[in-house]
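Enquirer: The following block contains the structure, expressed as structure tokens.
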Number of protein chains: 4
Amino acid sequence: MNTFGTIFRVALFGESHGPAVGVLIDGCPAGLPLETSDFHADLARRRGGAPGTTARREPDAPLLESGLFEGHTTGAPLLIRFANIDVDSRAYEALRGRPRPGHADLVARQKFGGFADPRGSGHHSGRLTVGLVAAGVVAKKLLRPLEVAARLVAVGGSEDIEATVAAAQASGDSVGGLIECRARHVPAGLGEPFFDTAESLLAHALFAIPAIKGVEFGAGFAAARMRGSEHNDPILDVSGASQTNHAGGVLGGITTGNELLFRVAVKPTPSIRLPQRTVDLGSGAPAEISVGGRHDACIALRVPVILEAVTAIVLADLSLLAGRLPRALTP
Amino acid sequence: MNTFGTIFRVALFGESHGPAVGVLIDGCPAGLPLETSDFHADLARRRGGAPGTTARREPDAPLLESGLFEGHTTGAPLLIRFANIDVDSRAYEALRGRPRPGHADLVARQKFGGFADPRGSGHHSGRLTVGLVAAGVVAKKLLRPLEVAARLVAVGGSEDIEATVAAAQASGDSVGGLIECRARHVPAGLGEPFFDTAESLLAHALFAIPAIKGVEFGAGFAAARMRGSEHNDPILDVSGASQTNHAGGVLGGITTGNELLFRVAVKPTPSIRLPQRTVDLGSGAPAEISVGGRHDACIALRVPVILEAVTAIVLADLSLLAGRLPRALTP
Amino acid sequence: MNTFGTIFRVALFGESHGPAVGVLIDGCPAGLPLETSDFHADLARRRGGAPGTTARREPDAPLLESGLFEGHTTGAPLLIRFANIDVDSRAYEALRGRPRPGHADLVARQKFGGFADPRGSGHHSGRLTVGLVAAGVVAKKLLRPLEVAARLVAVGGSEDIEATVAAAQASGDSVGGLIECRARHVPAGLGEPFFDTAESLLAHALFAIPAIKGVEFGAGFAAARMRGSEHNDPILDVSGASQTNHAGGVLGGITTGNELLFRVAVKPTPSIRLPQRTVDLGSGAPAEISVGGRHDACIALRVPVILEAVTAIVLADLSLLAGRLPRALTP
Amino acid sequence: MNTFGTIFRVALFGESHGPAVGVLIDGCPAGLPLETSDFHADLARRRGGAPGTTARREPDAPLLESGLFEGHTTGAPLLIRFANIDVDSRAYEALRGRPRPGHADLVARQKFGGFADPRGSGHHSGRLTVGLVAAGVVAKKLLRPLEVAARLVAVGGSEDIEATVAAAQASGDSVGGLIECRARHVPAGLGEPFFDTAESLLAHALFAIPAIKGVEFGAGFAAARMRGSEHNDPILDVSGASQTNHAGGVLGGITTGNELLFRVAVKPTPSIRLPQRTVDLGSGAPAEISVGGRHDACIALRVPVILEAVTAIVLADLSLLAGRLPRALTP
């Protein structure tokens, strides 16, 4: 369902063109200092604005409506809302009978009996990730000095990111990207053998981010081509520090204390101006579609901070489950 | 924790060299005809025996100890046990103070305070997957006529599987592999937008299989190099049938009714005869290790049927959650 | 944690004197017609105003901020918020160092390290039940024609409710009450043998309502004094209809199709004007406290509609789990 | 479903007349010394044998089949099995078409489409509680020095237990009972405000015990007849110690550190020799039934140790969730 986590639980709500989106966080330890300015940097990283990102301009001002008292978390659920301000649903009206290829339009219609909100992809919108980023800010602060950092490595198979995005955009097209994420100072021992391995929980949350189509840890798919003598990471000392990190910081599903390292594949934004084949839901006849509205030419540009958020959310929950984070911080 | 699923729940138990391993399945609909012969084919596919697989010989006779009456499931929890017969722990005694690179030896020790069963990797052993395969047999039978089929595509980057495994084995080494899995007749509409997407749940379960280091759906990591006009699957009709299947049968986290398609990377078996660097846990000094015992030179040879099992387990649970499978089958 | 339910999940948020309270509902089927006027009757029943209830006046206008489109639920999470308007925190400032007997003041302080919001009991406030009632309205509408009705049977051991409450209030005291709840047209077969029996799930949710100290089904505590020949309900026909209903509509943890019947004990409101013994948290010295502010003399007056809500929430979830409610209603 | 708990999770399996019953315990901390003799005392308390209890004689020898190594728990799932030895299904064959009043026979048939195991109530049998008691032994040992003690207070409304049971048995009837349970040294701060209050979780698990029809904490149903000035427990010091214990050790859903105190009502055993009205499932005609087989005249005689077990299971899970029990005990 639409909740993730065991102790530190996040639940997303809202629609792209509804009154608000946001996140409800349960299980956040009491005593964490928190104010709206804590959210600015990460929300800005996620927000559109750079070339290749949507023209929609949302202020993304977090409204902290519960779980906070005198500048500290109380241990009660934290509700963080974001009003939707810059909404323009005109472009979607035209698309309502013609599902966009690569989008959830048609399956949402099938699953929810025609009642899903179609405006701007409704609850399926990337707009929902603002709530993930907000929860990630809280989780990152809880986990300090643990650090999570993700970066866009390539788009369209090219490391010349700016030019590749610009070329795709100029031709009415979009382009995918590859992102790498690393976390340092992750304690050893997080995760369970079956089924809640650290990789399982991370992958679960990562594949919930719209447009993610692949996740690999450490050597990842390259491991399928390697020999054991090459892939095994030599152990350097009793802490488990290793000479290489083909394992990506996880062995047997449990964090080793080495750097956590994974990569994800982000598919190209499905909304493109170029004409595509679809079907007219009224007549059943083949139809052509060109998607207007305001879209990212490369959604991967905005995903790194979302990966970091998801990673921090998972690690916060695992830390609480392992008894490594208290339910109330010392005043 | 060591349970997976919401209605159709599986819990694994046992250790490689303990008295038994197996699975407890909750939420299985009543009225499914089931007998021990149903398990033979899939258990045989998982079992060692072919060149490149372990010399350990387990009969893998499933003991159905609860939840079955007069040849049908009753709706109560199903306990399926497998006695461990062919146990030889001698090789492990020598390794106890020297953690094997690429294995969970050291993290298990750290996480469980030195109390983890070290014999044959204990609860971390691939032996535990016999329970997954057994649960998969039940799930596959429930899902008919849905079909799941996985196959080993390549090992060590080579499609000449037999020769590549033999070469690795001959040199005291091991090799990784790439497996592809497809499911047909998957109904549209399974999965939730956040966080229990079909991809999230599959990846969660897949990454719990020992040695899996990457999961990708449809075009997967290739999507990161593609343009939208290339990646989007043209929609052919109102059912959502598409011309290509770069989405791998999932859009917006929800199954589309097209073939479900994913690939996983399996790392090389970490246990190899070739000498490797590790540490002596007693003295803290560097040490060398050569792993004897009975191991697979290519664990990927045995993984396809496990992938199928995990896929069926996830789809059975999603089908129950969607109300597409009844809690009691019609007599 | 602060979530309840498996498919139909409710999560409460907010504090008595914070900006808002409310509920996030996940798993609500798509296609349910819903508008703010649906909530008025039940919210009015819960609201203070009658003699013996708090003087606080909240408009309780539900803000439906997500999961609704063109007057129907969409299948996405429903956020229902209520702004707190009539907040007066002055009385609480004085109490901050002196925990009120019978309240959670001291344990909340211990559990959350002194960071809990103390104003009006913060997240522990009965104000939070407005979210339960709102979720109950949705659940009741989903369950039609099933009907749930609760009524206050007695207060202070007396059936003369009005006079008993008035007398307690006049003396600066409060009084407890006994409530009975019945649900008709409950389908047979809801609940599991272990551990999610229908009684277990109902009791779980009921004991989360502030001030509930006892729950009994059917004959309840009287059953402890009965013989089997007296307690067993004679079976009248193959539907399971029974002549008496000592079972309260549940056998072996599973609903029988007979009327669901239970009673709960509501303790007296702990906030009273009469002086009580407590401790000064600063000095550790004994102290006396007389609780001002605006309180109910008999909280049980407002609880029946909350019981109904909780019952409907549990039955909606059980119906979805049993596949008896579809995830999308037919348009 | 058939699992309970978040970190310390128990799952029951088996049928009264199947090959085995037992429990799978997940999340048990590593390093707990455990051997079969630890189970003898509590299993003996649960076992039949005294006047008024069933004539069935089971040795109840616990088979610890996983999660144990060199006399200590390993942190992996613990499987504890009990073979069913003394099985006699003859009496049930005759009853198959005539559901017993007060039993789950008919609802089990309805819920599971006629596939439920009818022998000795199948999975609904009180025999399943042997697994609860076994899990309770583990939980009690984990929680030391916390102590849980339950005792039978009255049967059939009489404190002369022996005579009352004997009289019921002599007349082919059965009788219900009232049990009180107390836990000392419970830490303050366990439980959540909504919905996982300490009372909610305890009641959830208690109502899963067959035959429990009422649960009350502290003053319980008497609180409904009390005034606030009488019910509120005066606070004696900053630890929260109180002069009386009408709250039963829980305020606002959270343990106070005072003694945890609750009572449960156990209904009379529904299986009685006296004739009762039922229905013939084949013809639909009214029928009479007299239940032979081996039954308890007063099941409440055997319930105290089960209450203790359930209480310990819940408190162990809450302690782990609160970070008050480590995942690995210090060697």
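Chain labels follow the order of the structure tokens: the first chain is A, the next B, and so on; residue numbering restarts at 1 in every chain, and ligands are counted from 1 in their shown order.
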Counting only C-alpha atoms, which residues of chain D fall within 6 Å of chain B, and what is the closest atom pair for each with its distance in Å at one decimal, ordered by chain and rising number, as JSON lines?

Expert:
{"residue": "D:Phe13", "atom": "CA", "partner": "B:Pro77", "partner_atom": "CA", "distance": 5.7}
{"residue": "D:Gly14", "atom": "CA", "partner": "B:Ser66", "partner_atom": "CA", "distance": 4.7}
{"residue": "D:Pro19", "atom": "CA", "partner": "B:Glu65", "partner_atom": "CA", "distance": 5.9}
{"residue": "D:Ala30", "atom": "CA", "partner": "B:Phe112", "partner_atom": "CA", "distance": 5.5}
{"residue": "D:Gly31", "atom": "CA", "partner": "B:Phe115", "partner_atom": "CA", "distance": 5.8}
{"residue": "D:Glu65", "atom": "CA", "partner": "B:Pro19", "partner_atom": "CA", "distance": 5.9}
{"residue": "D:Ser66", "atom": "CA", "partner": "B:Gly14", "partner_atom": "CA", "distance": 4.8}
{"residue": "D:Phe69", "atom": "CA", "partner": "B:Asp117", "partner_atom": "CA", "distance": 5.8}
{"residue": "D:Thr74", "atom": "CA", "partner": "B:Ala116", "partner_atom": "CA", "distance": 4.6}
{"residue": "D:Pro77", "atom": "CA", "partner": "B:Phe13", "partner_atom": "CA", "distance": 5.6}
{"residue": "D:Phe112", "atom": "CA", "partner": "B:Ala328", "partner_atom": "CA", "distance": 5.1}
{"residue": "D:Gly113", "atom": "CA", "partner": "B:Ala328", "partner_atom": "CA", "distance": 5.5}
{"residue": "D:Phe115", "atom": "CA", "partner": "B:Thr74", "partner_atom": "CA", "distance": 4.9}
{"residue": "D:Ala116", "atom": "CA", "partner": "B:Thr74", "partner_atom": "CA", "distance": 4.5}
{"residue": "D:Asp117", "atom": "CA", "partner": "B:Phe69", "partner_atom": "CA", "distance": 5.8}
{"residue": "D:Ala328", "atom": "CA", "partner": "B:Phe112", "partner_atom": "CA", "distance": 5.2}

Enquirer: So that I can check the secondary structure, give me every residue of region 95-315 of chain C assigned alpha helix (DSSP H) by backbone DSSP, as an MDAnalysis selection string.

Expert: chainID C and resid 95 105:111 129:143 161:170 198:206 228:231 304:315

Enquirer: Pro145 (chain B): which residues within 10 Å, counting only C-alpha atoms, same-chain residues fewer than 5 positions away excluded, as a ChimeraX atom specification?

Expert: /B:140,184-186

Enquirer: Please list as a ChimeraX atom specification every residue within 6 Å of region 242-252 of chain C, counting only C-alpha atoms and excluding residues in the same chain fewer than 3 positions away.

Expert: /C:217-219,231,233-236,255-256,258-261 /D:104

Enquirer: Using only C-alpha atoms, which residues sit within 9 Å of Arg57 (chain C) once same-chain residues fewer than 2 positions away are excluded, as a PyMOL selection string?

Expert: chain C and resi 47-49+54-55+59-60+85-86

Enquirer: With N, CA, C and O atoms retained, export the selected residues as a PDB file, in the first residue's frame.

Expert:
ATOM      1  N   ARG C  47     -19.282  15.991  18.434  1.00  0.00           N
ATOM      2  CA  ARG C  47     -18.891  17.321  18.889  1.00  0.00           C
ATOM      3  C   ARG C  47     -19.448  17.638  20.271  1.00  0.00           C
ATOM      4  O   ARG C  47     -20.513  17.197  20.652  1.00  0.00           O
ATOM      5  N   GLY C  48     -18.721  18.437  21.051  1.00  0.00           N
ATOM      6  CA  GLY C  48     -19.215  18.890  22.351  1.00  0.00           C
ATOM      7  C   GLY C  48     -20.412  19.816  22.172  1.00  0.00           C
ATOM      8  O   GLY C  48     -20.733  20.244  21.064  1.00  0.00           O
ATOM      9  N   GLY C  49     -21.061  20.127  23.273  1.00  0.00           N
ATOM     10  CA  GLY C  49     -22.157  21.096  23.198  1.00  0.00           C
ATOM     11  C   GLY C  49     -23.265  20.776  24.175  1.00  0.00           C
ATOM     12  O   GLY C  49     -23.777  21.653  24.853  1.00  0.00           O
ATOM     13  N   THR C  54     -17.509  19.342  26.710  1.00  0.00           N
ATOM     14  CA  THR C  54     -16.619  20.502  26.756  1.00  0.00           C
ATOM     15  C   THR C  54     -17.235  21.749  26.123  1.00  0.00           C
ATOM     16  O   THR C  54     -18.036  21.655  25.191  1.00  0.00           O
ATOM     17  N   ALA C  55     -16.789  22.909  26.614  1.00  0.00           N
ATOM     18  CA  ALA C  55     -17.261  24.184  26.075  1.00  0.00           C
ATOM     19  C   ALA C  55     -16.511  24.580  24.805  1.00  0.00           C
ATOM     20  O   ALA C  55     -16.862  25.557  24.152  1.00  0.00           O
ATOM     21  N   PRO C  59     -15.717  24.084  14.585  1.00  0.00           N
ATOM     22  CA  PRO C  59     -16.663  23.872  13.478  1.00  0.00           C
ATOM     23  C   PRO C  59     -16.523  22.489  12.847  1.00  0.00           C
ATOM     24  O   PRO C  59     -17.472  21.973  12.264  1.00  0.00           O
ATOM     25  N   ASP C  60     -15.355  21.863  12.967  1.00  0.00           N
ATOM     26  CA  ASP C  60     -15.150  20.517  12.417  1.00  0.00           C
ATOM     27  C   ASP C  60     -15.538  20.432  10.942  1.00  0.00           C
ATOM     28  O   ASP C  60     -16.249  19.510  10.518  1.00  0.00           O
ATOM     29  N   ILE C  85      -9.595  25.655  15.527  1.00  0.00           N
ATOM     30  CA  ILE C  85      -9.965  27.070  15.541  1.00  0.00           C
ATOM     31  C   ILE C  85     -10.018  27.607  16.970  1.00  0.00           C
ATOM     32  O   ILE C  85      -9.405  28.607  17.303  1.00  0.00           O
ATOM     33  N   ASP C  86     -10.752  26.891  17.817  1.00  0.00           N
ATOM     34  CA  ASP C  86     -11.076  27.404  19.160  1.00  0.00           C
ATOM     35  C   ASP C  86     -10.057  26.889  20.181  1.00  0.00           C
ATOM     36  O   ASP C  86     -10.354  26.045  21.018  1.00  0.00           O
TER      37      ASP C  86
END

Enquirer: May I ask which of the residues C:Gly240, C:Pro286, C:Pro33, C:Gly191 is the closest one to Arg100 (chain D), counting only C-alpha atoms?

Expert: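 Checking each of C:Gly240, C:Pro286, C:Pro33, C:Gly191 against Arg100 (chain D), counting only C-alpha atoms, the winner is C:Gly240.
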
Enquirer: Determine which residues of region 57-274 of chain A receive a DSSP assignment of strand (DSSP E or B), computed from the backbone, and state them as a ChimeraX atom specification.

Expert: /A:63-66,68-69,72-73,78-83,147-155,158,175,177-184,212-217,227,235,242,250-251,254-255,260-266

Enquirer: Between CA of Thr278 (chain A) and CA of Thr129 (chain A), what distance in Å does the model show, to one decimal?

Expert: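 Between CA of Thr278 (chain A) and CA of Thr129 (chain A) the gap works out to 27.3 Å.
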